[in-house]
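Some notes on the structure that comes next.
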Amino acid sequence: MEPKEKAALLPEKPGVYLFRDAGGRVIYVGKARLLRNRVRSYFLESRWIDAKTGSLAREIAELETMVVDNEREALALEHNLIKQHLPKFNVVLRDDKTYPYIKFTAAEKYPRVYFTRRIRKDGSLYFGPYFPAGLARRILHFVHKRFLVPSCTVDLTRTHPRPCLQCYIHRCSGPCVVGLTNEERYAEAAHDVKMLLEGRRHDLIKSLEERMATAAEKELYEQAASYRDLLRTLEDIEERQRIAAAQGDDTDVLAYHAEPPLVAANLFHLRGGQVVDRREFYWEDLDAFDAKEFVPSLLKQLYLEAEYLPKAIHVPEEFEDREILEEMLTERAGHRVEIFTPQRGQKRAILDLVRNNAAHSFEQRFRVMKPTSKAIGEALQNALNLVEEPERIECFDISHIQGSDTVASMVVWEKGRMRKSDYRKFIVRGAENNGGGAGNGDSPLQVYRQNDDFASMREVVTRRYKRLQEEKKPMPGLILIDGGIAQLHAAAEALESLGIINQALASIAKKEEILYVYGQENEPIVLQRHSPVLHLIQRIRDETHRFAVTFHRLRRGRRQTKSALEGIPGIGEKTARKLLKEFGSVTNVQRAGVDRLSELIPRGRAEKVLAELAKLQEQL
């Protein structure tokens, strides 16, 4: 039965419908109060004037529907199916910057805290969201400095000979090294951090007061003073929180700028009447942009599963599901959530401000305006989930042909520009192969080449940072590896062999342009093709590759030129050097002719040289 005929037989009940193309892929998911009326409308030729409906209708090969009891169930089911199938005709949320949270690894023996924008079911506790994102980082800095609970990628299931820099600057108690702390002391600090993040500041303050009094009674005055300083900081934070809470309700404001297929949207977070943070969203393929569908689709994906919901959401236009969505969000939040379309006054002025910012975001992303080095550094920190903003990036690449003439390059990006004076070349000496791997289907040559790449990467990274240690120079903010997870781990092994732990390290896979951050390999990062962060990383990677290939070609050319003469029977190194010194190149030797060569070497040998070079040229 054709989809059009099937649509005419649908019930007049609430439900969800899925359109599939000839290949069986879901291309659109929608909800309806009356399934028959809504679905049949897609097959009316009068509606095909609309670009989206016309394009969609021409691709529909199969229709599937699900009947539910009411519109709320339909809306929830629609949301889940869009997440599952990611249909090309639906507005699918794409975001370079999600909500900021603090992750507390409660399941670890030594719990740690991390800044993150992804919530996973991994046994950890997540606190947030925090606005602005800088607030989460300030809290983490406070946790590191006052409680000495770290954010690091160090393997704490085993001990290390010495701690990382964070311990030396008193931002970590050093659980990775025996004797620097003990389980009881660390557990107490971790429990305090958990109470802080849970918002139980009153309980934490009371506990600290008791510990301060106990320390004073035992005449442990230095310990009592540290508790006192911590108490003062916490009381100051508590006071500022009370002031902010009294200033006004939370409001989110959404607006967009569209020039299909390109769309940019901004979401501003207002707290206490002040703009504290914003999120930016971009789409590159919304050929059939529909404003009436865009706003509700975006709101559903933003808020139906959000951990935190504001009391008011301002949007640029009314939409059909507003009341149902309000009811569902109110139920989730435990307080009234209202969705407005302001028409005048201060609220309308703020909405216009957000719309102007969306237009500015559109210009920056799609008109290719060059961002400042500060902006790109912050974006890089957020995209890769780094503890600190990297001011200097050192990138490595290996170059060879079937394992011969293996060389490596290192290029440097620092404070917004390539620093060519700091570029380095490496002749790979042939480090012992300690690992790597290949798939079962790989040939022996492929296995050799893969393992050689990993061993080469270990060698080069070891040599680079061993020298930095000897010269007592600082490490870069980020080490970038041209390659996948295996190359990333090879570099990590090299750093660990030098006792360098908790170093920001990432790699970019050549073909897929997927980013892997060491310690977060199970969460690969895929950036949009217009992302300034991706452009920066590609620029650094491509420069590293260019530098490595240029050096490799130079060495290979020199070797081939020399070996072309030395490979001729009867011509040794001394004679080859004599000819190259006189004529400059193998090509000029060929052009010189027998008579000219006979002035330097015996005629018989000169004839042999020219004959062998002619054979070599034919083979090439």
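In the structure tokens, the first chain shown is A, the next is B, and so on; residue numbers restart at 1 for each chain, and ligands run from 1 in the order shown.
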(message) Which residues are close to Glu62 of chain A, i.e. within 10 Å by only C-alpha atoms, leaving aside same-chain residues fewer than 2 positions away? Reply as a list in words.
(response) Met1, Glu2, Pro3, Lys4, Lys6, Leu18, Phe19, Arg20, Asp21, Ala22, Gly23, Gly24, Arg25, Val26, Glu59, Ile60 and Glu64 of chain A
Residues from last step as file, N, CA and C atoms, as a compact mmCIF listing (two decimals), in the first residue's frame:
# COMPACT_ATOMS: atom_id res chain seq x y z
N MET A 1 0.84 -1.20 0.00
CA MET A 1 0.00 0.00 0.00
C MET A 1 0.88 1.25 0.00
N GLU A 2 0.54 2.19 -0.85
CA GLU A 2 1.29 3.44 -0.94
C GLU A 2 1.10 4.27 0.34
N PRO A 3 2.13 5.06 0.71
CA PRO A 3 2.01 5.89 1.91
C PRO A 3 0.79 6.81 1.89
N LYS A 4 0.47 7.37 0.71
CA LYS A 4 -0.69 8.26 0.62
C LYS A 4 -1.98 7.52 0.93
N LYS A 6 -2.17 4.74 2.72
CA LYS A 6 -2.09 4.33 4.12
C LYS A 6 -2.48 5.48 5.05
N LEU A 18 6.47 8.28 11.40
CA LEU A 18 7.83 8.23 10.88
C LEU A 18 7.77 8.05 9.38
N PHE A 19 8.48 8.88 8.63
CA PHE A 19 8.61 8.73 7.19
C PHE A 19 9.98 8.11 6.90
N ARG A 20 9.98 7.09 6.03
CA ARG A 20 11.23 6.45 5.63
C ARG A 20 11.44 6.63 4.12
N ASP A 21 12.71 6.63 3.70
CA ASP A 21 13.00 6.75 2.27
C ASP A 21 13.09 5.36 1.65
N ALA A 22 13.48 5.29 0.39
CA ALA A 22 13.52 4.02 -0.33
C ALA A 22 14.54 3.05 0.28
N GLY A 23 15.52 3.58 0.98
CA GLY A 23 16.51 2.73 1.63
C GLY A 23 16.12 2.28 3.01
N GLY A 24 14.93 2.67 3.48
CA GLY A 24 14.46 2.28 4.80
C GLY A 24 14.92 3.19 5.92
N ARG A 25 15.65 4.25 5.60
CA ARG A 25 16.13 5.18 6.64
C ARG A 25 15.03 6.14 7.05
N VAL A 26 14.95 6.41 8.35
CA VAL A 26 13.98 7.38 8.86
C VAL A 26 14.44 8.78 8.48
N GLU A 59 10.54 12.25 -1.09
CA GLU A 59 11.42 11.16 -0.64
C GLU A 59 10.70 10.10 0.17
N ILE A 60 9.40 10.33 0.51
CA ILE A 60 8.68 9.36 1.36
C ILE A 60 8.39 8.09 0.56
N GLU A 64 5.19 4.89 8.85
CA GLU A 64 5.01 4.11 10.08
C GLU A 64 4.41 5.02 11.14
Would you kindly return, as a PDB file with all heavy atoms, in the first residue's frame, each protein, DNA or RNA residue with an atom no farther than 12 Å from any atom of Gly604 of chain A, considering only C-alpha atoms and excluding same-chain residues fewer than 5 positions away?
ATOM      1  N   GLY A 570      82.275  -0.969  -8.940  1.00  0.00           N
ATOM      2  CA  GLY A 570      83.534  -0.303  -9.278  1.00  0.00           C
ATOM      3  C   GLY A 570      83.573   1.162  -8.901  1.00  0.00           C
ATOM      4  O   GLY A 570      84.614   1.805  -9.019  1.00  0.00           O
ATOM      5  N   ILE A 571      82.423   1.707  -8.442  1.00  0.00           N
ATOM      6  CA  ILE A 571      82.360   3.113  -8.025  1.00  0.00           C
ATOM      7  C   ILE A 571      82.179   3.155  -6.514  1.00  0.00           C
ATOM      8  O   ILE A 571      81.142   2.734  -5.980  1.00  0.00           O
ATOM      9  CB  ILE A 571      81.208   3.859  -8.717  1.00  0.00           C
ATOM     10  CG1 ILE A 571      81.353   3.808 -10.237  1.00  0.00           C
ATOM     11  CG2 ILE A 571      81.140   5.309  -8.234  1.00  0.00           C
ATOM     12  CD1 ILE A 571      82.591   4.487 -10.764  1.00  0.00           C
ATOM     13  N   VAL A 594      80.830  10.858 -22.031  1.00  0.00           N
ATOM     14  CA  VAL A 594      81.996  10.021 -21.732  1.00  0.00           C
ATOM     15  C   VAL A 594      83.286  10.822 -21.716  1.00  0.00           C
ATOM     16  O   VAL A 594      84.129  10.656 -20.823  1.00  0.00           O
ATOM     17  CB  VAL A 594      82.096   8.864 -22.759  1.00  0.00           C
ATOM     18  CG1 VAL A 594      83.358   8.032 -22.515  1.00  0.00           C
ATOM     19  CG2 VAL A 594      80.868   7.974 -22.689  1.00  0.00           C
ATOM     20  N   ASP A 595      83.454  11.719 -22.703  1.00  0.00           N
ATOM     21  CA  ASP A 595      84.717  12.466 -22.806  1.00  0.00           C
ATOM     22  C   ASP A 595      84.964  13.316 -21.579  1.00  0.00           C
ATOM     23  O   ASP A 595      86.077  13.359 -21.051  1.00  0.00           O
ATOM     24  CB  ASP A 595      84.696  13.347 -24.064  1.00  0.00           C
ATOM     25  CG  ASP A 595      84.697  12.520 -25.341  1.00  0.00           C
ATOM     26  OD1 ASP A 595      85.145  11.355 -25.270  1.00  0.00           O
ATOM     27  OD2 ASP A 595      84.228  13.033 -26.370  1.00  0.00           O
ATOM     28  N   LEU A 597      83.633  12.913 -18.538  1.00  0.00           N
ATOM     29  CA  LEU A 597      83.858  12.060 -17.356  1.00  0.00           C
ATOM     30  C   LEU A 597      85.254  11.452 -17.379  1.00  0.00           C
ATOM     31  O   LEU A 597      85.872  11.233 -16.322  1.00  0.00           O
ATOM     32  CB  LEU A 597      82.814  10.940 -17.302  1.00  0.00           C
ATOM     33  CG  LEU A 597      81.367  11.320 -16.971  1.00  0.00           C
ATOM     34  CD1 LEU A 597      80.497  10.076 -16.907  1.00  0.00           C
ATOM     35  CD2 LEU A 597      81.294  12.056 -15.646  1.00  0.00           C
ATOM     36  N   SER A 598      85.758  11.195 -18.607  1.00  0.00           N
ATOM     37  CA  SER A 598      87.082  10.556 -18.722  1.00  0.00           C
ATOM     38  C   SER A 598      88.199  11.454 -18.202  1.00  0.00           C
ATOM     39  O   SER A 598      89.316  10.981 -17.939  1.00  0.00           O
ATOM     40  CB  SER A 598      87.363  10.170 -20.183  1.00  0.00           C
ATOM     41  OG  SER A 598      86.390   9.249 -20.639  1.00  0.00           O
ATOM     42  N   GLU A 599      87.928  12.737 -18.059  1.00  0.00           N
ATOM     43  CA  GLU A 599      88.931  13.648 -17.501  1.00  0.00           C
ATOM     44  C   GLU A 599      89.126  13.416 -16.005  1.00  0.00           C
ATOM     45  O   GLU A 599      90.148  13.787 -15.445  1.00  0.00           O
ATOM     46  CB  GLU A 599      88.502  15.099 -17.748  1.00  0.00           C
ATOM     47  CG  GLU A 599      88.422  15.466 -19.229  1.00  0.00           C
ATOM     48  CD  GLU A 599      87.873  16.870 -19.429  1.00  0.00           C
ATOM     49  OE1 GLU A 599      87.687  17.581 -18.395  1.00  0.00           O
ATOM     50  OE2 GLU A 599      87.629  17.281 -20.583  1.00  0.00           O
ATOM     51  N   VAL A 609      79.534   3.931 -15.825  1.00  0.00           N
ATOM     52  CA  VAL A 609      78.694   4.835 -15.026  1.00  0.00           C
ATOM     53  C   VAL A 609      77.492   5.298 -15.834  1.00  0.00           C
ATOM     54  O   VAL A 609      76.346   5.250 -15.385  1.00  0.00           O
ATOM     55  CB  VAL A 609      79.507   6.048 -14.524  1.00  0.00           C
ATOM     56  CG1 VAL A 609      78.567   7.137 -13.988  1.00  0.00           C
ATOM     57  CG2 VAL A 609      80.474   5.619 -13.441  1.00  0.00           C
ATOM     58  N   LEU A 610      77.741   5.745 -17.066  1.00  0.00           N
ATOM     59  CA  LEU A 610      76.648   6.256 -17.889  1.00  0.00           C
ATOM     60  C   LEU A 610      75.661   5.157 -18.257  1.00  0.00           C
ATOM     61  O   LEU A 610      74.446   5.382 -18.296  1.00  0.00           O
ATOM     62  CB  LEU A 610      77.217   6.904 -19.152  1.00  0.00           C
ATOM     63  CG  LEU A 610      78.021   8.187 -18.930  1.00  0.00           C
ATOM     64  CD1 LEU A 610      78.621   8.687 -20.240  1.00  0.00           C
ATOM     65  CD2 LEU A 610      77.134   9.267 -18.311  1.00  0.00           C
ATOM     66  N   ALA A 611      76.167   3.939 -18.502  1.00  0.00           N
ATOM     67  CA  ALA A 611      75.280   2.827 -18.845  1.00  0.00           C
ATOM     68  C   ALA A 611      74.374   2.463 -17.666  1.00  0.00           C
ATOM     69  O   ALA A 611      73.161   2.227 -17.831  1.00  0.00           O
ATOM     70  CB  ALA A 611      76.116   1.612 -19.274  1.00  0.00           C
TER      71      ALA A 611
END
(request) Can you list, as a ChimeraX atom specification, all residues belonging to segment 460-592 of chain A that DSSP tags as helix (DSSP H, G or I)? (result) /A:460-471,485-497,532-566,573-583,586-592
I need the chosen residues saved as an mmCIF file, in the first residue's frame, with C-alpha atoms.
data_model
loop_
_atom_site.group_PDB
_atom_site.id
_atom_site.type_symbol
_atom_site.label_atom_id
_atom_site.label_comp_id
_atom_site.auth_asym_id
_atom_site.auth_seq_id
_atom_site.Cartn_x
_atom_site.Cartn_y
_atom_site.Cartn_z
ATOM 1 C CA VAL A 460 60.598 11.191 19.314
ATOM 2 C CA VAL A 461 58.335 12.239 22.212
ATOM 3 C CA THR A 462 60.855 10.767 24.678
ATOM 4 C CA ARG A 463 63.751 12.662 23.104
ATOM 5 C CA ARG A 464 61.854 15.953 22.988
ATOM 6 C CA TYR A 465 60.678 16.035 26.585
ATOM 7 C CA LYS A 466 63.764 14.427 28.084
ATOM 8 C CA ARG A 467 65.653 17.403 26.671
ATOM 9 C CA LEU A 468 63.077 19.824 28.112
ATOM 10 C CA GLN A 469 63.584 18.196 31.511
ATOM 11 C CA GLU A 470 67.368 18.489 31.225
ATOM 12 C CA GLU A 471 67.069 22.149 30.213
ATOM 13 C CA ILE A 485 44.335 6.207 19.688
ATOM 14 C CA ALA A 486 47.367 3.926 19.215
ATOM 15 C CA GLN A 487 49.682 6.871 18.445
ATOM 16 C CA LEU A 488 48.145 8.751 21.388
ATOM 17 C CA HIS A 489 48.963 5.885 23.742
ATOM 18 C CA ALA A 490 52.493 5.590 22.329
ATOM 19 C CA ALA A 491 53.089 9.254 23.199
ATOM 20 C CA ALA A 492 51.540 8.746 26.653
ATOM 21 C CA GLU A 493 53.889 5.800 27.312
ATOM 22 C CA ALA A 494 56.859 7.970 26.384
ATOM 23 C CA LEU A 495 55.807 10.737 28.765
ATOM 24 C CA GLU A 496 55.180 8.297 31.597
ATOM 25 C CA SER A 497 58.635 6.732 31.094
ATOM 26 C CA PRO A 532 37.162 27.433 14.563
ATOM 27 C CA VAL A 533 38.682 24.889 16.965
ATOM 28 C CA LEU A 534 38.713 22.217 14.252
ATOM 29 C CA HIS A 535 40.206 24.735 11.800
ATOM 30 C CA LEU A 536 42.991 25.529 14.269
ATOM 31 C CA ILE A 537 43.800 21.873 14.968
ATOM 32 C CA GLN A 538 43.725 21.048 11.240
ATOM 33 C CA ARG A 539 46.019 23.984 10.524
ATOM 34 C CA ILE A 540 48.538 22.821 13.135
ATOM 35 C CA ARG A 541 48.280 19.179 12.011
ATOM 36 C CA ASP A 542 48.688 20.075 8.327
ATOM 37 C CA GLU A 543 51.714 22.255 9.084
ATOM 38 C CA THR A 544 53.282 19.381 11.044
ATOM 39 C CA HIS A 545 52.644 16.996 8.163
ATOM 40 C CA ARG A 546 54.090 19.443 5.613
ATOM 41 C CA PHE A 547 57.206 19.990 7.718
ATOM 42 C CA ALA A 548 57.729 16.226 8.189
ATOM 43 C CA VAL A 549 57.190 15.360 4.502
ATOM 44 C CA THR A 550 59.541 18.141 3.344
ATOM 45 C CA PHE A 551 62.295 16.884 5.647
ATOM 46 C CA HIS A 552 61.675 13.274 4.589
ATOM 47 C CA ARG A 553 61.915 14.138 0.883
ATOM 48 C CA LEU A 554 65.150 16.039 1.459
ATOM 49 C CA ARG A 555 66.791 13.105 3.263
ATOM 50 C CA ARG A 556 65.478 10.543 0.784
ATOM 51 C CA GLY A 557 66.694 12.662 -2.146
ATOM 52 C CA ARG A 558 70.186 12.922 -0.679
ATOM 53 C CA ARG A 559 70.325 9.197 0.029
ATOM 54 C CA GLN A 560 69.061 8.220 -3.418
ATOM 55 C CA THR A 561 71.465 10.605 -5.165
ATOM 56 C CA LYS A 562 74.436 9.227 -3.302
ATOM 57 C CA SER A 563 73.356 5.584 -3.545
ATOM 58 C CA ALA A 564 72.668 5.886 -7.303
ATOM 59 C CA LEU A 565 76.424 6.286 -7.918
ATOM 60 C CA GLU A 566 77.685 4.111 -5.070
ATOM 61 C CA GLU A 573 82.210 6.451 -1.956
ATOM 62 C CA LYS A 574 85.333 8.466 -2.814
ATOM 63 C CA THR A 575 84.641 8.421 -6.586
ATOM 64 C CA ALA A 576 80.930 9.199 -6.099
ATOM 65 C CA ARG A 577 81.791 12.181 -3.924
ATOM 66 C CA LYS A 578 84.346 13.365 -6.505
ATOM 67 C CA LEU A 579 81.789 13.251 -9.340
ATOM 68 C CA LEU A 580 79.038 14.965 -7.341
ATOM 69 C CA LYS A 581 81.445 17.697 -6.262
ATOM 70 C CA GLU A 582 82.402 18.362 -9.878
ATOM 71 C CA PHE A 583 78.968 18.123 -11.530
ATOM 72 C CA VAL A 586 73.453 12.747 -10.936
ATOM 73 C CA THR A 587 71.551 14.380 -13.820
ATOM 74 C CA ASN A 588 74.556 16.574 -14.653
ATOM 75 C CA VAL A 589 76.816 13.505 -14.525
ATOM 76 C CA GLN A 590 74.622 11.911 -17.216
ATOM 77 C CA ARG A 591 74.669 15.066 -19.326
ATOM 78 C CA ALA A 592 78.460 15.417 -19.141
#
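Distances here use only C-alpha atoms; by that measure, the residue among A:Arg605, A:Glu391, A:Lys109, A:His191 closest to Cys176 of chain A is A:Lys109.
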(request) Just the residues within 10 Å of Thr159 of chain A, please, counting only C-alpha atoms, with nothing from its chain fewer than 2 positions along; format it as a ChimeraX atom specification. (result) /A:154-157,161-163,175-178
(request) Excluding segment 339-351 of chain A and any residue of its chain fewer than 4 positions from it, enumerate the residues within 8 Å of it, using only C-alpha atoms, and give them as an NGL selection string. (result) :A and (253-255 or 312-318 or 322 or 326 or 355)
(request) Find the residue from A:Val337, A:Val91, A:Ala76, A:Leu148 that sits nearest to Arg185 of chain A; use only C-alpha atoms when measuring. (result)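 Result for the nearest residue to Arg185 of chain A: A:Leu148.
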